[in-house]
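Structure data (mmCIF, C-alpha atoms) from upload.cif:
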data_start
loop_
_atom_site.group_PDB
_atom_site.id
_atom_site.type_symbol
_atom_site.label_atom_id
_atom_site.label_comp_id
_atom_site.auth_asym_id
_atom_site.auth_seq_id
_atom_site.Cartn_x
_atom_site.Cartn_y
_atom_site.Cartn_z
ATOM 1 C CA MET A 1 111.519 -89.482 176.119
ATOM 2 C CA ASP A 2 113.230 -91.179 173.235
ATOM 3 C CA ILE A 3 115.119 -93.557 175.531
ATOM 4 C CA ASN A 4 111.804 -95.006 176.741
ATOM 5 C CA MET A 5 110.731 -95.722 173.158
ATOM 6 C CA GLN A 6 114.067 -97.364 172.393
ATOM 7 C CA ARG A 7 113.755 -99.562 175.465
ATOM 8 C CA ALA A 8 110.116 -100.380 174.714
ATOM 9 C CA HIS A 9 111.115 -101.858 171.357
ATOM 10 C CA ASN A 10 113.357 -104.473 172.972
ATOM 11 C CA ARG A 11 112.041 -108.021 173.236
ATOM 12 C CA ASP A 12 110.117 -108.583 176.505
ATOM 13 C CA ALA A 13 110.689 -104.963 177.504
ATOM 14 C CA VAL A 14 107.649 -105.136 179.768
ATOM 15 C CA PHE A 15 109.641 -107.531 181.981
ATOM 16 C CA ASN A 16 113.274 -106.611 181.377
ATOM 17 C CA GLU A 17 113.467 -102.854 180.910
ATOM 18 C CA ARG A 18 113.175 -99.854 183.170
ATOM 19 C CA PHE A 19 111.491 -96.691 181.936
ATOM 20 C CA TYR A 20 111.862 -93.089 183.016
ATOM 21 C CA PHE A 21 108.658 -92.089 184.768
ATOM 22 C CA ARG A 22 107.673 -88.908 186.603
ATOM 23 C CA ARG A 23 106.688 -89.879 190.145
ATOM 24 C CA SER A 24 105.568 -86.434 191.203
ATOM 25 C CA SER A 25 104.045 -83.373 189.652
ATOM 26 C CA PRO A 26 105.800 -80.043 189.141
ATOM 27 C CA ALA A 27 102.545 -78.558 190.469
ATOM 28 C CA ASP A 28 103.367 -80.220 193.810
ATOM 29 C CA GLY A 29 106.650 -78.332 193.913
ATOM 30 C CA GLU A 30 108.612 -81.456 193.015
ATOM 31 C CA ASP A 31 109.692 -82.977 189.751
ATOM 32 C CA THR A 32 110.987 -86.452 190.600
ATOM 33 C CA VAL A 33 111.787 -88.829 187.765
ATOM 34 C CA ALA A 34 112.742 -92.450 188.414
ATOM 35 C CA GLU A 35 113.533 -95.511 186.339
ATOM 36 C CA LEU A 36 110.768 -98.046 186.987
ATOM 37 C CA THR A 37 109.620 -101.290 185.403
ATOM 38 C CA ALA A 38 106.263 -101.418 183.634
ATOM 39 C CA ASN A 39 104.952 -103.429 186.583
ATOM 40 C CA GLU A 40 106.110 -100.770 189.061
ATOM 41 C CA ILE A 41 104.547 -97.986 186.983
ATOM 42 C CA ILE A 42 101.220 -99.776 186.631
ATOM 43 C CA ASN A 43 100.915 -101.728 189.901
ATOM 44 C CA GLY A 44 103.174 -99.757 192.217
ATOM 45 C CA SER A 45 106.274 -100.326 194.315
ATOM 46 C CA ALA A 46 107.990 -98.911 197.376
ATOM 47 C CA GLU A 47 109.056 -95.946 195.212
ATOM 48 C CA PHE A 48 105.720 -95.186 193.540
ATOM 49 C CA ILE A 49 102.105 -95.952 194.425
ATOM 50 C CA GLY A 50 101.272 -97.052 190.855
ATOM 51 C CA LEU A 51 98.757 -95.910 188.274
ATOM 52 C CA VAL A 52 96.189 -98.608 189.064
ATOM 53 C CA PRO A 53 95.952 -97.694 192.759
ATOM 54 C CA ILE A 54 95.611 -94.013 191.777
ATOM 55 C CA VAL A 55 92.759 -94.869 189.388
ATOM 56 C CA GLN A 56 91.107 -97.034 192.054
ATOM 57 C CA MET A 57 91.347 -94.231 194.626
ATOM 58 C CA TYR A 58 89.756 -91.883 192.113
ATOM 59 C CA LEU A 59 86.951 -94.344 191.393
ATOM 60 C CA ASP A 60 86.375 -94.718 195.143
ATOM 61 C CA SER A 61 86.033 -90.940 195.448
ATOM 62 C CA ILE A 62 83.367 -90.525 192.759
ATOM 63 C CA SER A 63 79.966 -92.067 192.353
ATOM 64 C CA VAL A 64 80.240 -94.950 189.895
ATOM 65 C CA GLU A 65 77.436 -97.411 189.315
ATOM 66 C CA GLU A 66 78.285 -100.917 190.501
ATOM 67 C CA ASN A 67 77.992 -102.533 187.078
ATOM 68 C CA VAL A 68 80.237 -99.838 185.556
ATOM 69 C CA ARG A 69 82.791 -100.298 188.339
ATOM 70 C CA ARG A 70 82.844 -104.077 187.759
ATOM 71 C CA GLN A 71 83.524 -103.527 184.049
ATOM 72 C CA ILE A 72 86.299 -101.049 184.807
ATOM 73 C CA GLU A 73 87.824 -103.531 187.273
ATOM 74 C CA ARG A 74 87.911 -106.170 184.516
ATOM 75 C CA TYR A 75 89.967 -103.790 182.370
ATOM 76 C CA ILE A 76 92.179 -102.913 185.321
ATOM 77 C CA LEU A 77 92.860 -106.602 186.000
ATOM 78 C CA PHE A 78 93.821 -107.048 182.354
ATOM 79 C CA VAL A 79 96.256 -104.119 182.435
ATOM 80 C CA ARG A 80 97.706 -105.338 185.765
ATOM 81 C CA GLY A 81 98.189 -108.800 184.272
ATOM 82 C CA ARG A 82 99.987 -107.502 181.219
ATOM 83 C CA ALA A 83 102.293 -105.425 183.414
ATOM 84 C CA ASN A 84 103.097 -108.183 185.932
ATOM 85 C CA GLY A 85 103.451 -110.938 183.326
ATOM 86 C CA SER A 86 100.471 -113.078 184.277
ATOM 87 C CA ILE A 87 98.852 -112.238 180.909
ATOM 88 C CA MET A 88 101.018 -112.658 177.817
ATOM 89 C CA THR A 89 101.649 -109.592 175.669
ATOM 90 C CA ALA A 90 100.394 -109.612 172.086
ATOM 91 C CA ALA A 91 103.980 -109.559 170.779
ATOM 92 C CA ALA A 92 104.926 -112.598 172.869
ATOM 93 C CA TRP A 93 101.810 -114.467 171.748
ATOM 94 C CA ILE A 94 102.540 -113.778 168.058
ATOM 95 C CA ARG A 95 106.203 -114.751 168.478
ATOM 96 C CA ILE A 96 105.252 -118.076 170.098
ATOM 97 C CA PHE A 97 102.515 -118.743 167.530
ATOM 98 C CA VAL A 98 104.870 -118.210 164.590
ATOM 99 C CA ARG A 99 107.779 -120.157 166.089
ATOM 100 C CA ASN A 100 105.529 -123.131 166.871
ATOM 101 C CA HIS A 101 103.678 -123.140 163.552
ATOM 102 C CA PRO A 102 104.456 -126.328 161.573
ATOM 103 C CA ALA A 103 105.022 -124.366 158.338
ATOM 104 C CA TYR A 104 107.596 -121.996 159.878
ATOM 105 C CA LYS A 105 111.141 -122.891 158.834
ATOM 106 C CA PHE A 106 112.987 -120.523 161.205
ATOM 107 C CA ASP A 107 114.064 -118.442 158.208
ATOM 108 C CA SER A 108 112.310 -115.197 159.244
ATOM 109 C CA VAL A 109 109.822 -115.623 156.385
ATOM 110 C CA VAL A 110 106.152 -115.524 157.370
ATOM 111 C CA SER A 111 103.692 -116.045 154.557
#
In structure tokens, how does this file's structure come out?
Amino acid sequence: MDINMQRAHNRDAVFNERFYFRRSSPADGEDTVAELTANEIINGSAEFIGLVPIVQMYLDSISVEENVRRQIERYILFVRGRANGSIMTAAAWIRIFVRNHPAYKFDSVVS
């Protein structure tokens, strides 16, 4: 979906944009698409359970060693944090770093 890519390129899109996302599978006899925030897609909402809960349900249903599950949960927490804003995105970090650098003259030149 080209519109999703256009929206994703906007500043702070992870917080301010809504993206088209398929909430159901055509295999289920439905094909429901909704506009959701990145946080709703990843962590869930009233409209959609979320990708993280789906992954966690899957992990609960298979046999995963405890140390492997702990490592996966660390990654899941990171992804959740990026989606809900508790962990800064790389783009935001770079933008803040450049703007606060003493050599930056607010002239859009980075060297």
Which is closer to A:Phe15 than all the others in A:Arg69, A:Arg95, A:Arg74, A:Arg82, using all atoms listed in the file?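 Checking each of A:Arg69, A:Arg95, A:Arg74, A:Arg82 against A:Phe15, counting all atoms listed in the file, the winner is A:Arg82.
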Give me the result of the PyMOL selection byres ((chain A and resi 14) around 12) on this file, residue by residue, as a PDB file with C-alpha atoms, keeping the file's coordinate frame.
ATOM      1  CA  ASN A   4     111.804 -95.006 176.741  1.00  0.00           C
ATOM      2  CA  MET A   5     110.731 -95.722 173.158  1.00  0.00           C
ATOM      3  CA  ARG A   7     113.755 -99.562 175.465  1.00  0.00           C
ATOM      4  CA  ALA A   8     110.116-100.380 174.714  1.00  0.00           C
ATOM      5  CA  HIS A   9     111.115-101.858 171.357  1.00  0.00           C
ATOM      6  CA  ASN A  10     113.357-104.473 172.972  1.00  0.00           C
ATOM      7  CA  ARG A  11     112.041-108.021 173.236  1.00  0.00           C
ATOM      8  CA  ASP A  12     110.117-108.583 176.505  1.00  0.00           C
ATOM      9  CA  ALA A  13     110.689-104.963 177.504  1.00  0.00           C
ATOM     10  CA  PHE A  15     109.641-107.531 181.981  1.00  0.00           C
ATOM     11  CA  ASN A  16     113.274-106.611 181.377  1.00  0.00           C
ATOM     12  CA  GLU A  17     113.467-102.854 180.910  1.00  0.00           C
ATOM     13  CA  ARG A  18     113.175 -99.854 183.170  1.00  0.00           C
ATOM     14  CA  PHE A  19     111.491 -96.691 181.936  1.00  0.00           C
ATOM     15  CA  LEU A  36     110.768 -98.046 186.987  1.00  0.00           C
ATOM     16  CA  THR A  37     109.620-101.290 185.403  1.00  0.00           C
ATOM     17  CA  ALA A  38     106.263-101.418 183.634  1.00  0.00           C
ATOM     18  CA  ASN A  39     104.952-103.429 186.583  1.00  0.00           C
ATOM     19  CA  GLU A  40     106.110-100.770 189.061  1.00  0.00           C
ATOM     20  CA  ILE A  41     104.547 -97.986 186.983  1.00  0.00           C
ATOM     21  CA  ILE A  42     101.220 -99.776 186.631  1.00  0.00           C
ATOM     22  CA  VAL A  79      96.256-104.119 182.435  1.00  0.00           C
ATOM     23  CA  ARG A  80      97.706-105.338 185.765  1.00  0.00           C
ATOM     24  CA  GLY A  81      98.189-108.800 184.272  1.00  0.00           C
ATOM     25  CA  ARG A  82      99.987-107.502 181.219  1.00  0.00           C
ATOM     26  CA  ALA A  83     102.293-105.425 183.414  1.00  0.00           C
ATOM     27  CA  ASN A  84     103.097-108.183 185.932  1.00  0.00           C
ATOM     28  CA  GLY A  85     103.451-110.938 183.326  1.00  0.00           C
ATOM     29  CA  SER A  86     100.471-113.078 184.277  1.00  0.00           C
ATOM     30  CA  ILE A  87      98.852-112.238 180.909  1.00  0.00           C
ATOM     31  CA  MET A  88     101.018-112.658 177.817  1.00  0.00           C
ATOM     32  CA  THR A  89     101.649-109.592 175.669  1.00  0.00           C
ATOM     33  CA  ALA A  90     100.394-109.612 172.086  1.00  0.00           C
ATOM     34  CA  ALA A  91     103.980-109.559 170.779  1.00  0.00           C
ATOM     35  CA  ALA A  92     104.926-112.598 172.869  1.00  0.00           C
TER      36      ALA A  92
END
Gap from atom CA of A:Tyr20 to atom CA of A:Leu59 - Å, one decimal: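 Distance between the two atoms: 26.3 Å.
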Report the distance between atom CA of A:Glu35 and atom CA of A:Ile76 in Å, rounded to one decimal place.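 Computing it gives 22.6 Å between the two atoms.
Rounded to one decimal, atom CA of A:Arg70 and atom CA of A:Gln56 lie 11.7 Å from each other.
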With 8 Å added on each side, what axis-aligned box encloses every listed atom of stretch 42-60 of chain A? Give the centre and edge lengths in Å to one decimal, as AutoDock Vina command-line options.
--center_x 97.7 --center_y -96.8 --center_z 192.0 --size_x 38.7 --size_y 25.8 --size_z 26.7
Given the PyMOL selection byres ((chain A and resi 22) around 12), the residues it picks as a PyMOL selection string: chain A and resi 1+19-21+23-26+30-36+41+47-51
Saving stretch 72-83 of chain A with N, CA, C and O atoms, as a PDB file, in the first residue's frame, what would that file be?
ATOM      1  N   ILE A  72      13.661 -13.717  23.502  1.00  0.00           N
ATOM      2  CA  ILE A  72      12.589 -13.253  22.610  1.00  0.00           C
ATOM      3  C   ILE A  72      11.777 -12.158  23.286  1.00  0.00           C
ATOM      4  O   ILE A  72      11.435 -11.155  22.657  1.00  0.00           O
ATOM      5  N   GLU A  73      11.497 -12.305  24.571  1.00  0.00           N
ATOM      6  CA  GLU A  73      10.731 -11.294  25.308  1.00  0.00           C
ATOM      7  C   GLU A  73      11.482  -9.967  25.363  1.00  0.00           C
ATOM      8  O   GLU A  73      10.857  -8.911  25.331  1.00  0.00           O
ATOM      9  N   ARG A  74      12.805 -10.012  25.426  1.00  0.00           N
ATOM     10  CA  ARG A  74      13.588  -8.763  25.395  1.00  0.00           C
ATOM     11  C   ARG A  74      13.363  -8.035  24.073  1.00  0.00           C
ATOM     12  O   ARG A  74      13.180  -6.816  24.052  1.00  0.00           O
ATOM     13  N   TYR A  75      13.374  -8.781  22.970  1.00  0.00           N
ATOM     14  CA  TYR A  75      13.120  -8.181  21.662  1.00  0.00           C
ATOM     15  C   TYR A  75      11.688  -7.654  21.575  1.00  0.00           C
ATOM     16  O   TYR A  75      11.451  -6.573  21.039  1.00  0.00           O
ATOM     17  N   ILE A  76      10.757  -8.413  22.100  1.00  0.00           N
ATOM     18  CA  ILE A  76       9.356  -8.000  22.081  1.00  0.00           C
ATOM     19  C   ILE A  76       9.177  -6.700  22.866  1.00  0.00           C
ATOM     20  O   ILE A  76       8.478  -5.787  22.419  1.00  0.00           O
ATOM     21  N   LEU A  77       9.803  -6.609  24.027  1.00  0.00           N
ATOM     22  CA  LEU A  77       9.714  -5.368  24.814  1.00  0.00           C
ATOM     23  C   LEU A  77      10.277  -4.181  24.055  1.00  0.00           C
ATOM     24  O   LEU A  77       9.742  -3.065  24.120  1.00  0.00           O
ATOM     25  N   PHE A  78      11.356  -4.413  23.315  1.00  0.00           N
ATOM     26  CA  PHE A  78      11.951  -3.345  22.509  1.00  0.00           C
ATOM     27  C   PHE A  78      10.977  -2.879  21.426  1.00  0.00           C
ATOM     28  O   PHE A  78      10.741  -1.677  21.254  1.00  0.00           O
ATOM     29  N   VAL A  79      10.393  -3.822  20.703  1.00  0.00           N
ATOM     30  CA  VAL A  79       9.449  -3.480  19.640  1.00  0.00           C
ATOM     31  C   VAL A  79       8.223  -2.773  20.224  1.00  0.00           C
ATOM     32  O   VAL A  79       7.746  -1.775  19.684  1.00  0.00           O
ATOM     33  N   ARG A  80       7.710  -3.278  21.347  1.00  0.00           N
ATOM     34  CA  ARG A  80       6.576  -2.626  22.026  1.00  0.00           C
ATOM     35  C   ARG A  80       6.918  -1.181  22.386  1.00  0.00           C
ATOM     36  O   ARG A  80       6.120  -0.279  22.197  1.00  0.00           O
ATOM     37  N   GLY A  81       8.125  -0.983  22.913  1.00  0.00           N
ATOM     38  CA  GLY A  81       8.556   0.347  23.325  1.00  0.00           C
ATOM     39  C   GLY A  81       8.679   1.308  22.166  1.00  0.00           C
ATOM     40  O   GLY A  81       8.309   2.485  22.278  1.00  0.00           O
ATOM     41  N   ARG A  82       9.193   0.832  21.053  1.00  0.00           N
ATOM     42  CA  ARG A  82       9.271   1.693  19.872  1.00  0.00           C
ATOM     43  C   ARG A  82       7.869   2.079  19.413  1.00  0.00           C
ATOM     44  O   ARG A  82       7.619   3.220  19.049  1.00  0.00           O
ATOM     45  N   ALA A  83       6.955   1.131  19.439  1.00  0.00           N
ATOM     46  CA  ALA A  83       5.594   1.397  18.955  1.00  0.00           C
ATOM     47  C   ALA A  83       4.812   2.318  19.890  1.00  0.00           C
ATOM     48  O   ALA A  83       4.043   3.158  19.429  1.00  0.00           O
TER      49      ALA A  83
END
